[in-house]
Structures are given as structure tokens and as C-alpha cells.
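Undergrad: Below is the file structure.cif, with mmCIF, C-alpha atoms and all ligand atoms.
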data_target
#
loop_
_atom_site.label_atom_id
_atom_site.label_comp_id
_atom_site.auth_asym_id
_atom_site.auth_seq_id
_atom_site.Cartn_x
_atom_site.Cartn_y
_atom_site.Cartn_z
CA MET C 27 24.02 -20.21 2.94
CA SER C 28 21.62 -18.45 5.23
CA ILE C 29 22.43 -15.61 7.55
CA GLY C 30 23.49 -16.57 10.97
CA CYS C 31 26.24 -18.86 9.73
CA GLY C 32 28.63 -16.93 11.94
CA ASP C 33 31.48 -17.74 9.61
CA GLU C 34 33.77 -14.74 9.78
CA ARG C 35 35.84 -16.05 6.89
CA ILE C 36 33.11 -15.38 4.39
CA ASP C 37 31.11 -12.58 5.89
CA SER C 38 31.46 -9.06 4.54
CA GLY C 39 31.23 -7.17 7.80
CA ALA C 40 27.49 -6.88 7.27
CA VAL C 41 25.36 -7.71 10.29
CA ALA C 42 21.67 -8.40 10.82
CA SER C 43 21.37 -7.61 14.48
CA VAL C 44 18.30 -9.12 16.14
CA ASP C 45 17.07 -7.37 19.26
CA LEU C 46 15.53 -10.00 21.51
CA ASP C 47 14.32 -7.31 23.93
CA ALA C 48 12.27 -5.92 21.05
CA VAL C 49 10.78 -9.39 20.51
CA ALA C 50 9.80 -9.49 24.17
CA HIS C 51 8.32 -5.99 23.94
CA ASN C 52 6.30 -6.98 20.87
CA VAL C 53 4.95 -10.12 22.53
CA ARG C 54 3.78 -8.08 25.52
CA GLU C 55 2.24 -5.51 23.18
CA LEU C 56 0.43 -8.25 21.25
CA GLN C 57 -0.82 -9.80 24.47
CA GLN C 58 -2.42 -6.46 25.34
CA PHE C 59 -4.30 -6.50 22.04
CA ALA C 60 -5.16 -10.19 22.41
CA GLY C 61 -6.85 -9.74 25.77
CA ASP C 62 -7.86 -13.13 27.12
CA ALA C 63 -6.69 -15.00 24.04
CA ALA C 64 -3.34 -16.78 24.28
CA VAL C 65 -0.48 -15.83 21.95
CA MET C 66 1.01 -18.37 19.57
CA ALA C 67 4.30 -16.91 18.32
CA VAL C 68 4.74 -17.78 14.65
CA VAL C 69 8.41 -18.58 14.11
CA LYS C 70 8.23 -20.28 10.71
CA ALA C 71 10.95 -19.72 8.12
CA ASP C 72 13.62 -19.51 10.84
CA GLY C 73 11.66 -16.88 12.69
CA TYR C 74 10.98 -14.80 9.57
CA ASN C 75 14.78 -14.97 9.08
CA HIS C 76 15.50 -13.57 12.55
CA GLY C 77 16.62 -16.89 14.10
CA GLY C 78 13.76 -19.20 15.03
CA VAL C 79 15.21 -20.75 18.18
CA GLU C 80 16.33 -17.47 19.76
CA VAL C 81 13.13 -15.64 18.86
CA ALA C 82 11.07 -18.56 20.19
CA ARG C 83 12.91 -18.50 23.52
CA ALA C 84 12.49 -14.73 23.85
CA ALA C 85 8.82 -14.92 22.92
CA ILE C 86 8.11 -17.69 25.43
CA ALA C 87 9.94 -15.84 28.18
CA ALA C 88 7.75 -12.81 27.41
CA GLY C 89 4.55 -14.83 27.73
CA ALA C 90 3.83 -16.56 24.43
CA HIS C 91 2.03 -19.85 25.12
CA GLU C 92 2.70 -21.75 21.92
CA LEU C 93 4.81 -21.72 18.78
CA GLY C 94 3.56 -21.95 15.22
CA VAL C 95 5.67 -23.22 12.34
CA THR C 96 5.03 -24.41 8.83
CA THR C 97 6.80 -27.76 8.65
CA ILE C 98 7.28 -30.60 11.09
CA GLY C 99 11.01 -30.27 10.41
CA GLU C 100 10.93 -26.71 11.73
CA ALA C 101 9.16 -27.89 14.88
CA LEU C 102 11.65 -30.71 15.41
CA GLU C 103 14.52 -28.20 15.21
CA LEU C 104 12.92 -26.19 18.00
CA ARG C 105 12.44 -29.36 20.06
CA ALA C 106 16.08 -30.33 19.44
CA ALA C 107 17.06 -26.94 20.87
CA GLY C 108 15.29 -27.88 24.08
CA ILE C 109 12.09 -25.89 23.62
CA THR C 110 9.22 -27.73 25.30
CA VAL C 111 6.12 -25.54 24.83
CA PRO C 112 3.22 -26.68 22.60
CA MET C 113 3.93 -26.32 18.90
CA LEU C 114 1.85 -26.62 15.79
CA ALA C 115 3.01 -27.43 12.23
CA TRP C 116 0.52 -26.91 9.42
CA LEU C 117 1.95 -27.70 5.99
CA HIS C 118 3.14 -31.16 5.12
CA ARG C 119 4.91 -33.08 2.44
CA THR C 120 3.51 -36.34 1.15
CA ASP C 121 6.25 -38.07 3.17
CA SER C 122 6.21 -35.86 6.28
CA ASP C 123 7.33 -37.74 9.37
CA PHE C 124 4.17 -37.65 11.48
CA ALA C 125 5.61 -40.36 13.77
CA ALA C 126 8.53 -38.12 14.72
CA ALA C 127 6.12 -35.26 15.35
CA ILE C 128 3.96 -37.45 17.62
CA ASP C 129 7.05 -38.72 19.44
CA GLU C 130 8.12 -35.14 20.11
CA GLN C 131 4.60 -33.98 20.97
CA VAL C 132 4.44 -31.58 18.05
CA GLY C 133 0.86 -30.67 17.19
CA ILE C 134 -0.07 -31.68 13.66
CA ALA C 135 -2.59 -29.64 11.71
CA VAL C 136 -4.21 -31.55 8.89
CA SER C 137 -6.01 -30.23 5.84
CA THR C 138 -7.13 -33.44 4.15
CA ALA C 139 -8.65 -36.82 5.00
CA GLY C 140 -5.47 -38.43 3.66
CA GLN C 141 -3.31 -36.52 6.13
CA LEU C 142 -5.66 -37.46 8.96
CA ASP C 143 -5.37 -41.14 8.02
CA ALA C 144 -1.59 -40.84 7.98
CA VAL C 145 -1.57 -39.22 11.44
CA VAL C 146 -3.83 -41.97 12.84
CA GLU C 147 -1.61 -44.63 11.31
CA ALA C 148 1.53 -42.99 12.70
CA ALA C 149 -0.05 -42.67 16.17
CA ARG C 150 -0.83 -46.39 16.19
CA ARG C 151 2.72 -47.19 15.11
CA VAL C 152 4.28 -44.94 17.76
CA GLY C 153 1.82 -46.04 20.42
CA ARG C 154 1.01 -42.48 21.52
CA THR C 155 -1.95 -40.18 21.11
CA ALA C 156 -1.35 -37.48 18.51
CA ASP C 157 -2.17 -33.83 19.17
CA LEU C 158 -4.33 -33.09 16.16
CA SER C 159 -5.58 -29.75 14.88
CA LEU C 160 -7.92 -29.32 11.96
CA LYS C 161 -7.06 -26.50 9.61
CA ILE C 162 -10.34 -25.36 8.09
CA ASP C 163 -10.50 -23.62 4.73
CA THR C 164 -13.00 -20.85 5.41
CA GLY C 165 -12.39 -18.98 2.19
CA LEU C 166 -8.67 -18.48 1.60
CA ASN C 167 -8.85 -21.39 -0.82
CA ARG C 168 -5.30 -22.39 -0.10
CA ASN C 169 -4.57 -24.94 2.62
CA GLY C 170 -7.24 -26.28 4.99
CA VAL C 171 -10.13 -28.76 4.91
CA ALA C 172 -12.47 -27.82 2.08
CA GLU C 173 -16.15 -27.40 2.93
CA ALA C 174 -17.01 -30.31 0.63
CA ASP C 175 -14.79 -32.63 2.70
CA LEU C 176 -15.52 -31.24 6.14
CA ASP C 177 -18.25 -33.64 7.30
CA ALA C 178 -16.22 -36.65 6.29
CA VAL C 179 -13.09 -35.31 8.00
CA LEU C 180 -15.06 -34.48 11.17
CA ASP C 181 -16.53 -38.00 11.19
CA ALA C 182 -13.10 -39.54 10.75
CA THR C 183 -11.71 -37.26 13.48
CA ALA C 184 -14.44 -38.33 15.90
CA ALA C 185 -13.64 -41.97 15.16
CA ALA C 186 -9.92 -41.35 15.66
CA VAL C 187 -10.57 -39.58 18.96
CA ALA C 188 -12.80 -42.48 20.09
CA SER C 189 -10.07 -44.97 19.24
CA GLY C 190 -7.52 -43.03 21.26
CA SER C 191 -5.24 -42.28 18.30
CA VAL C 192 -5.69 -38.53 18.44
CA ARG C 193 -6.77 -35.69 20.69
CA LEU C 194 -8.52 -32.84 18.87
CA THR C 195 -6.41 -30.11 20.46
CA GLY C 196 -7.35 -27.36 18.05
CA MET C 197 -9.31 -26.03 15.12
CA PHE C 198 -8.26 -22.98 13.17
CA SER C 199 -8.34 -21.08 9.93
CA HIS C 200 -6.39 -18.30 8.22
CA LEU C 201 -7.74 -14.98 6.98
CA ALA C 202 -7.44 -13.78 3.39
CA CYS C 203 -7.98 -10.05 3.94
CA ALA C 204 -6.97 -9.35 7.53
CA ASP C 205 -4.98 -6.30 6.46
CA GLU C 206 -8.35 -4.75 5.55
CA PRO C 207 -10.00 -4.96 8.98
CA GLU C 208 -13.46 -4.06 7.69
CA HIS C 209 -13.39 -6.42 4.73
CA PRO C 210 -16.56 -8.56 4.85
CA ALA C 211 -14.50 -11.69 4.21
CA ASN C 212 -13.13 -11.49 7.78
CA ASP C 213 -16.56 -11.91 9.35
CA ALA C 214 -17.59 -14.50 6.80
CA GLN C 215 -14.49 -16.58 7.54
CA ALA C 216 -15.01 -16.27 11.31
CA GLU C 217 -18.60 -17.44 10.88
CA ARG C 218 -17.52 -20.49 8.88
CA LEU C 219 -14.95 -21.35 11.54
CA ARG C 220 -17.63 -21.08 14.27
CA ASP C 221 -19.84 -23.34 12.20
CA ALA C 222 -17.07 -25.94 11.85
CA VAL C 223 -16.43 -25.80 15.62
CA GLY C 224 -20.14 -26.40 16.22
CA ARG C 225 -20.22 -29.35 13.86
CA ALA C 226 -17.24 -30.93 15.66
CA ALA C 227 -18.85 -30.30 19.05
CA ARG C 228 -22.10 -31.96 17.89
CA ARG C 229 -20.05 -35.08 17.10
CA GLY C 230 -18.82 -35.10 20.70
CA THR C 231 -15.36 -33.82 19.75
CA PRO C 232 -15.15 -30.11 20.52
CA PRO C 233 -11.72 -28.75 19.60
CA GLY C 234 -9.54 -27.69 22.51
CA VAL C 235 -8.34 -24.35 21.19
CA VAL C 236 -9.85 -22.28 18.37
CA HIS C 237 -7.83 -19.64 16.52
CA LEU C 238 -8.04 -17.43 13.47
CA SER C 239 -6.16 -14.14 13.79
CA ASN C 240 -2.78 -13.34 12.26
CA SER C 241 -0.93 -10.14 13.21
CA ALA C 242 -3.26 -7.80 11.36
CA ALA C 243 -6.41 -9.26 12.91
CA THR C 244 -4.83 -9.46 16.36
CA LEU C 245 -4.17 -5.72 16.23
CA THR C 246 -7.44 -4.59 14.65
CA ARG C 247 -10.12 -7.22 15.24
CA PRO C 248 -10.16 -8.15 18.94
CA ASP C 249 -13.59 -9.67 18.32
CA LEU C 250 -11.96 -12.42 16.23
CA GLY C 251 -9.50 -13.50 18.92
CA PHE C 252 -11.24 -16.77 19.86
CA ASP C 253 -8.95 -18.73 22.28
CA MET C 254 -5.61 -17.85 20.73
CA VAL C 255 -4.03 -15.51 18.17
CA ARG C 256 -1.19 -16.34 15.76
CA PRO C 257 0.90 -13.24 15.13
CA GLY C 258 3.99 -13.50 12.96
CA ILE C 259 5.21 -10.27 11.42
CA ALA C 260 4.18 -8.15 14.42
CA LEU C 261 6.44 -10.26 16.63
CA TYR C 262 9.30 -8.96 14.52
CA GLY C 263 8.12 -5.40 15.02
CA MET C 264 6.84 -4.72 11.54
CA SER C 265 3.36 -3.29 11.15
CA PRO C 266 1.03 -5.62 9.25
CA ILE C 267 -0.98 -2.55 8.18
CA PRO C 268 1.54 0.28 7.75
CA ASP C 269 -1.18 2.77 6.83
CA LEU C 270 -2.62 2.36 10.33
CA GLY C 271 0.70 3.01 12.07
CA THR C 272 3.16 0.96 14.11
CA PHE C 273 0.77 -0.26 16.86
CA GLY C 274 3.59 0.38 19.34
CA LEU C 275 5.70 -2.41 17.84
CA ARG C 276 9.50 -2.22 17.77
CA PRO C 277 11.39 -3.45 14.69
CA VAL C 278 13.64 -6.31 15.70
CA MET C 279 16.17 -6.50 12.85
CA THR C 280 18.80 -3.87 12.13
CA LEU C 281 20.82 -4.35 8.96
CA SER C 282 24.22 -2.73 8.80
CA ALA C 283 27.31 -2.97 6.62
CA GLN C 284 30.75 -1.45 6.45
CA VAL C 285 31.95 1.52 4.48
CA ALA C 286 34.58 -0.24 2.36
CA ASN C 287 35.96 2.67 0.36
CA ILE C 288 35.57 6.42 -0.08
CA LYS C 289 36.50 8.33 -3.21
CA LYS C 290 36.06 11.59 -5.08
CA VAL C 291 33.94 11.69 -8.18
CA SER C 292 34.11 14.75 -10.44
CA GLU C 293 31.10 16.49 -11.91
CA GLY C 294 29.97 14.64 -15.02
CA GLU C 295 31.50 11.30 -14.02
CA SER C 296 29.17 8.30 -13.64
CA VAL C 297 28.98 5.58 -11.02
CA SER C 298 28.50 1.80 -11.11
CA TYR C 299 27.30 -0.48 -13.92
CA GLY C 300 25.48 1.09 -16.81
CA TYR C 301 26.34 4.62 -15.73
CA THR C 302 22.77 5.17 -14.56
CA TRP C 303 23.85 7.98 -12.20
CA THR C 304 26.10 10.90 -13.08
CA ALA C 305 27.49 13.29 -10.48
CA PRO C 306 25.78 16.67 -10.93
CA ALA C 307 28.73 18.33 -9.19
CA ASP C 308 32.06 17.33 -7.73
CA THR C 309 31.28 14.96 -4.88
CA VAL C 310 32.53 12.15 -2.69
CA VAL C 311 30.99 8.67 -2.72
CA ALA C 312 31.20 5.78 -0.29
CA LEU C 313 31.19 2.11 -1.23
CA ILE C 314 29.12 -0.14 1.01
CA ALA C 315 29.98 -3.82 1.10
CA LEU C 316 26.57 -5.43 0.63
CA GLY C 317 24.72 -6.30 -2.55
CA TYR C 318 21.90 -8.17 -4.15
CA ALA C 319 23.44 -11.52 -3.27
CA ASP C 320 22.88 -10.46 0.32
CA GLY C 321 19.30 -9.30 -0.15
CA VAL C 322 19.81 -5.66 -1.10
CA VAL C 323 17.77 -6.22 -4.20
CA ARG C 324 18.91 -4.61 -7.42
CA ARG C 325 15.64 -2.78 -7.94
CA LEU C 326 16.46 -0.69 -4.85
CA GLY C 327 19.27 1.13 -6.67
CA GLY C 328 18.74 4.89 -6.29
CA ARG C 329 15.65 4.36 -4.12
CA PHE C 330 17.00 3.99 -0.60
CA GLU C 331 19.22 5.76 1.89
CA VAL C 332 21.78 4.57 4.41
CA THR C 333 22.65 6.26 7.68
CA ILE C 334 26.27 6.82 8.60
CA ALA C 335 27.11 8.59 11.85
CA GLY C 336 23.55 9.86 12.17
CA ARG C 337 23.21 11.29 8.65
CA ARG C 338 21.27 9.90 5.71
CA TYR C 339 22.95 9.42 2.33
CA PRO C 340 21.20 8.33 -0.88
CA SER C 341 22.11 5.25 -2.87
CA VAL C 342 23.30 6.19 -6.36
CA GLY C 343 23.62 4.01 -9.44
CA ARG C 344 23.09 0.29 -9.67
CA VAL C 345 23.21 -2.07 -6.71
CA CYS C 346 25.77 -4.79 -7.59
CA MET C 347 26.10 -8.35 -6.36
CA ASP C 348 28.42 -7.46 -3.49
CA GLN C 349 28.31 -3.70 -3.11
CA PHE C 350 26.58 -0.41 -3.76
CA VAL C 351 27.50 3.25 -3.67
CA VAL C 352 26.07 6.20 -1.73
CA ASP C 353 26.64 9.88 -2.43
CA LEU C 354 28.18 11.65 0.54
CA GLY C 355 27.79 15.03 -1.18
CA GLY C 356 29.81 18.12 -0.45
CA ASP C 357 30.65 17.43 3.17
CA SER C 358 32.00 13.91 3.60
CA SER C 359 34.20 14.76 6.55
CA GLY C 360 32.12 12.76 9.00
CA VAL C 361 32.54 9.45 7.17
CA ALA C 362 35.56 7.13 7.26
CA VAL C 363 36.37 3.73 5.83
CA GLY C 364 35.27 1.08 8.32
CA ASP C 365 32.31 3.11 9.57
CA GLU C 366 29.03 1.33 10.11
CA ALA C 367 26.35 2.13 7.55
CA LEU C 368 22.81 1.43 8.75
CA LEU C 369 20.46 0.17 6.03
CA PHE C 370 17.32 -0.35 8.07
CA GLY C 371 16.28 -0.79 11.67
CA PRO C 372 13.98 0.66 14.30
CA GLY C 373 15.03 4.22 13.49
CA ASP C 374 16.65 5.05 16.84
CA ARG C 375 19.80 6.19 15.07
CA GLY C 376 18.07 7.91 12.19
CA GLU C 377 18.05 4.88 9.94
CA ALA C 378 15.35 3.83 7.50
CA ASN C 379 12.75 1.18 8.36
CA ALA C 380 12.34 -2.10 6.47
CA GLN C 381 8.92 -0.70 5.56
CA ASP C 382 10.66 2.05 3.55
CA TRP C 383 12.28 -0.65 1.46
CA ALA C 384 8.95 -2.45 1.10
CA ASP C 385 7.35 0.78 -0.11
CA ALA C 386 10.16 1.43 -2.60
CA LEU C 387 9.84 -2.12 -3.91
CA GLU C 388 6.03 -2.20 -3.86
CA THR C 389 6.08 -5.23 -1.64
CA ILE C 390 5.52 -5.99 2.06
CA SER C 391 8.01 -5.86 4.92
CA TYR C 392 7.75 -9.65 5.27
CA GLU C 393 9.61 -10.03 2.00
CA VAL C 394 12.28 -7.50 3.00
CA VAL C 395 13.25 -9.10 6.30
CA THR C 396 13.03 -12.67 5.04
CA GLY C 397 15.11 -11.70 2.00
CA ILE C 398 18.31 -10.77 3.86
CA ARG C 399 20.83 -13.50 3.19
CA GLY C 400 24.23 -14.27 1.72
CA ARG C 401 27.22 -12.95 3.62
CA VAL C 402 25.28 -11.19 6.35
CA ARG C 403 26.07 -12.45 9.81
CA ARG C 404 23.31 -12.59 12.40
CA ARG C 405 23.99 -11.20 15.85
CA PHE C 406 21.62 -11.30 18.79
CA VAL C 407 21.43 -8.33 21.12
CA GLY C 408 19.31 -7.54 24.16
CA ALA C 409 19.19 -8.81 27.68
CA ARG C 410 18.39 -12.40 26.69
CA SER C 411 20.99 -12.70 23.96
CA GLY C 412 23.92 -13.39 26.25
CA GLU C 413 25.53 -10.35 24.68
CA ALA C 414 25.16 -6.79 25.91
CA ALA C 415 22.87 -4.62 23.82
CA HIS C 416 24.66 -1.92 21.94
C1 LIG C 501 2.37 -17.07 8.59
C2 LIG C 501 1.12 -17.41 9.27
C3 LIG C 501 0.66 -16.62 10.35
C4 LIG C 501 1.30 -15.31 10.75
O1 LIG C 501 0.93 -14.31 9.83
P1 LIG C 501 1.38 -12.79 10.03
O2 LIG C 501 0.68 -12.06 8.96
O3 LIG C 501 2.87 -12.77 9.86
O4 LIG C 501 0.97 -12.40 11.40
C5 LIG C 501 -0.47 -17.05 11.04
N1 LIG C 501 -1.12 -18.18 10.66
C6 LIG C 501 -0.72 -18.94 9.63
C7 LIG C 501 -1.49 -20.16 9.28
C8 LIG C 501 0.39 -18.57 8.88
O5 LIG C 501 0.78 -19.32 7.85
#
Please express the file's structure as C-alpha cells.
TA:
Amino acid sequence: MSIGCGDERIDSGAVASVDLDAVAHNVRELQQFAGDAAVMAVVKADGYNHGGVEVARAAIAAGAHELGVTTIGEALELRAAGITVPMLAWLHRTDSDFAAAIDEQVGIAVSTAGQLDAVVEAARRVGRTADLSLKIDTGLNRNGVAEADLDAVLDATAAAVASGSVRLTGMFSHLACADEPEHPANDAQAERLRDAVGRAARRGTPPGVVHLSNSAATLTRPDLGFDMVRPGIALYGMSPIPDLGTFGLRPVMTLSAQVANIKKVSEGESVSYGYTWTAPADTVVALIALGYADGVVRRLGGRFEVTIAGRRYPSVGRVCMDQFVVDLGGDSSGVAVGDEALLFGPGDRGEANAQDWADALETISYEVVTGIRGRVRRRFVGARSGEAAH
């Protein structure tokens, strides 16, 4: 069960609050960096686990022109929620429903001649022109049309355009090393994309919109903006290149949980499974009702801090499936059962940032925010949430 279920019977009091005003702020910030290029808000994976529909609405209201998702199913969910802006889906199953995508005017990005054939066939069946984008592999060597297949795919695209089955609405690629702005691969990939655009144009089928940049490139390589940029993580307020700072972005997700119990632990007594932490002196500990089943990964034990009533307290001992313990130390007078413990957020109330967790885990913030799950309830705040911001 994913977060956002809203089922109070199973939740633990833990909340992932999603600040839609912060989304709007981040979109405006990204638009500044993007200059004349349009912003496609990437809301795949349920909006990086923030709630795809709500984030999409907030992003569009703040000026995003298009939405990017991975699967056609994700795009159809956004359409079902009444969202009408252009959308692009770029990773397909062998049985993806291209006809449904065409019916709902979802842009389809293809990476192979076989997918192109399937889109053309579906367009004929539906009796509508498909909005086609070509995803070009310019060096990531993952998805995208391989150089060896490109001429054949461009020929087939030109034929499909001539027959009225498709419009070539876009051509794009994805960077391998955008988080290293000066990496030579970035320029090499941009050059290959320009070359592919030229080859399409020479066939009489110039692509409508050309795009390359993810968040990192949007923020550091304005020269690679083309017609549109495709930021994801920056929309959610996390820096794609933490070493270069926050770029004025505001973290969108705040994770909090309840203090479920408070108790004294005497010097020399140990806490939680395996007794990995022993109290160096008489102390008081608080139990927080959130665990690795909810995305507080076990490897974090002893490596993160929570904020209760404005003060930071360190995690001690092992993180369990449903709970973990923090050391309140000598003066625990400010903490009571039922208090809100902040695990990460924008930092306004002294709390850690999801990036701190990423650093502790030697991973990236993407994995932290998309990893929150289990019994955490999602709550939207901000002017557009229909709920007053707290
Ligand atoms: C996920 C994704 C993005 C967004 O990447 P960020 O690093 O989150 O900005 C852009 N383009 C494609 C093709 C993607 O898959």
C-alpha cells in the first residue's frame, strides 16, 4: 500500500506533508533558469511519491506547459483526473495500450522501430493522428533510438507523418552525466541530438519540440535548454547537485511521526534489537512510531536525527519495522507522548533535509523521497491544497 491511502485505521500517525506552494515556487524558480524554454514537469512514479495529480495541478498553475511520465498508464491516470495539458510517456511494455494513449491525446515517445509500427497501427485503428516523439539514444545507452537504427526510424517516421498517422511533436534525449555540468558527455549528447534533429528536418519532418535537460542541466547548463526542459527532482525541491547548493529550491515533502512512548534508561542499559547502543549515562529515550516498513531504512539506525519542539535528538540503536528510538538526553522536559517528531523537511523548524538521509545512506535524495511508504499518510498543504498551510 502506497502512501496517500488516507486510511486512518492503518496509519501510524506518520504524515508525509506535501507543500503545493513549494511546488509552485520551484516551478517558477526553474522557469527562471529555463529562460525561453518551456517547462515539462516530470511527475512520474506518482510525482516522485508526492502525489502525481496534485503536484501536476500545482505545477501547471505555476506555469508548467507539459507533463512528463514514464508509462502510458501514469498519463491516463492524470487524464482521468481531468488534467488536459500535453503529456508525454516514454517507457512502454510490449502490450502498452497505444490506442488509449492516442484517444486521450497522450504523447507517445518511441525508442524502437517496432514501437513506431505499433503506434502507427494503433492510430489507424483509432482513426486519429498520434502525437509522436522520438526518444534518441545519444549516449546513455539505456532507452532511446540507437544510432544504428536512427535512419530507418526517421524514414519510417517520415512515411507515417505523410500518411497522416502521426505528427512528429517532439524529439528528445536524456543526459548521462548532467550532475557533472562540465562533463564532456553533456556536449557530446547535445551534439548528437542536434544531428538527429537535422536528419529529421532534411526528411521534411522537423520535430515540433526538442528537449534534453533534466533538473541538473536545467539549473547549470542553460545552453542546453533547446525548446523545453524536463525537471523532476528540482520540482520537489531537492537539489540535483547538492555540492552546488539548493538553487533556491524549497523541499516539498516533510516527514513527521508521533512520539509514541517516553521512558528512562539507566546508564549501561542497551536499546533496541541487538543492543547496538548502550546508554553512556542515565537518560530518557523516546519511541517514534515509524520504521523500515515505512521507508525509514534500517541502515539509518544511529545516523540521523529527529526534531521535536525545535530541538534535534539522535537516533540510537536499530531502526525496527515499525519504530525507532531517539535519545532525549538529560533534559527531556520539553517532549511529551503525542508530540510531532520531524524526520525531514525544508528545515524551517530545525529539521533535517532528505539530503541528510541521502548522505548518510550514500544515495541520492530521489531514493529517499520515493522510498517513503507503508503506513505514512500523505497530506497536502499550501494555498492550492484545499487545506490551510500549517
Ligand atoms: C526522470 C526523468 C527526468 C527528470 O530527471 P530529474 O533528474 O529528476 O530532473 C527527465 N527526463 C527523463 C527522460 C526522465 O526519465
Undergrad: Using all atoms listed in the file, tabulate the residues of chain C lying at most 8 Å from any atom of ligand LIG 501 (chain C), each with its closest atom pair and that distance in Å to one decimal, by chain and increasing residue number, as CSV.
TA:
residue,atom,partner,partner_atom,distance
C:Val68,CA,C:LIG501,C4,5.8
C:Lys70,CA,C:LIG501,C1,7.0
C:Gly94,CA,C:LIG501,N1,7.5
C:Val95,CA,C:LIG501,O5,7.7
C:Thr96,CA,C:LIG501,O5,6.7
C:Trp116,CA,C:LIG501,C7,7.0
C:Ser199,CA,C:LIG501,C7,6.9
C:His200,CA,C:LIG501,C7,5.3
C:Leu238,CA,C:LIG501,N1,7.5
C:Ser239,CA,C:LIG501,C5,7.0
C:Asn240,CA,C:LIG501,O4,4.0
C:Ser241,CA,C:LIG501,O4,3.5
C:Ala242,CA,C:LIG501,O4,6.2
C:Arg256,CA,C:LIG501,C5,4.8
C:Pro257,CA,C:LIG501,O4,3.8
C:Gly258,CA,C:LIG501,O3,3.4
C:Ile259,CA,C:LIG501,O3,3.8
C:Ala260,CA,C:LIG501,O4,6.1
C:Leu261,CA,C:LIG501,O4,7.9
C:Pro266,CA,C:LIG501,O2,6.5
C:Tyr392,CA,C:LIG501,O3,7.4
Undergrad: Here is a test: counting all atoms listed in the file, which residue of C:Asn287, C:Arg228, C:Arg344, C:Ile314 is nearest to C:Tyr301?
TA: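 When distances to C:Tyr301 are compared using all atoms listed in the file, the smallest one comes from C:Arg344.
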Undergrad: Within 12 Å of (25.8, 3.7, -15.5) (file coordinates; only C-alpha atoms), which protein or nucleic acid residues are there? I'd like them as a list in words.
TA: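 Output of the proximity query reads Gly294, Glu295, Ser296, Val297, Ser298, Tyr299, Gly300, Tyr301, Thr302, Trp303, Thr304, Ala305, Gly327, Gly328, Val342, Gly343, Arg344, Val345, Cys346 and Val351 of chain C.
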Undergrad: Of the candidates C:Arg404, C:Arg338, C:His209, C:His237, which shows the shortest atom-to-atom distance to C:Ser43, using all atoms listed in the file?
TA: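 That would be C:Arg404, the residue with the smallest distance to C:Ser43.
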Undergrad: Fewer than 2 positions away in the same chain doesn't count, so skip those; otherwise give me all residues within 7 Å of C:Val291, counting all atoms listed in the file, as a ChimeraX atom specification.
TA: /C:289,293,295,308-311
Undergrad: Which polymer residues have any atom within 6 Å of an atom of C:Leu93, counting all atoms listed in the file, with same-chain residues fewer than 3 positions away left out, as a ChimeraX atom specification?
TA: /C:66-68,113
Undergrad: Grab the atom CA of C:Ala184 to atom CA of C:Ile128 distance for me, in Å with one decimal place.
TA: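 Atom-to-atom, atom CA of C:Ala184 and atom CA of C:Ile128 are spaced 18.5 Å apart.
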Undergrad: Find the residue from C:Pro248, C:Gly230, C:Gly356, C:Gly271 that sits nearest to C:Asp181; use all atoms listed in the file when measuring.
TA: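 Once distances to C:Asp181 are computed over all atoms listed in the file, the minimum belongs to C:Gly230.
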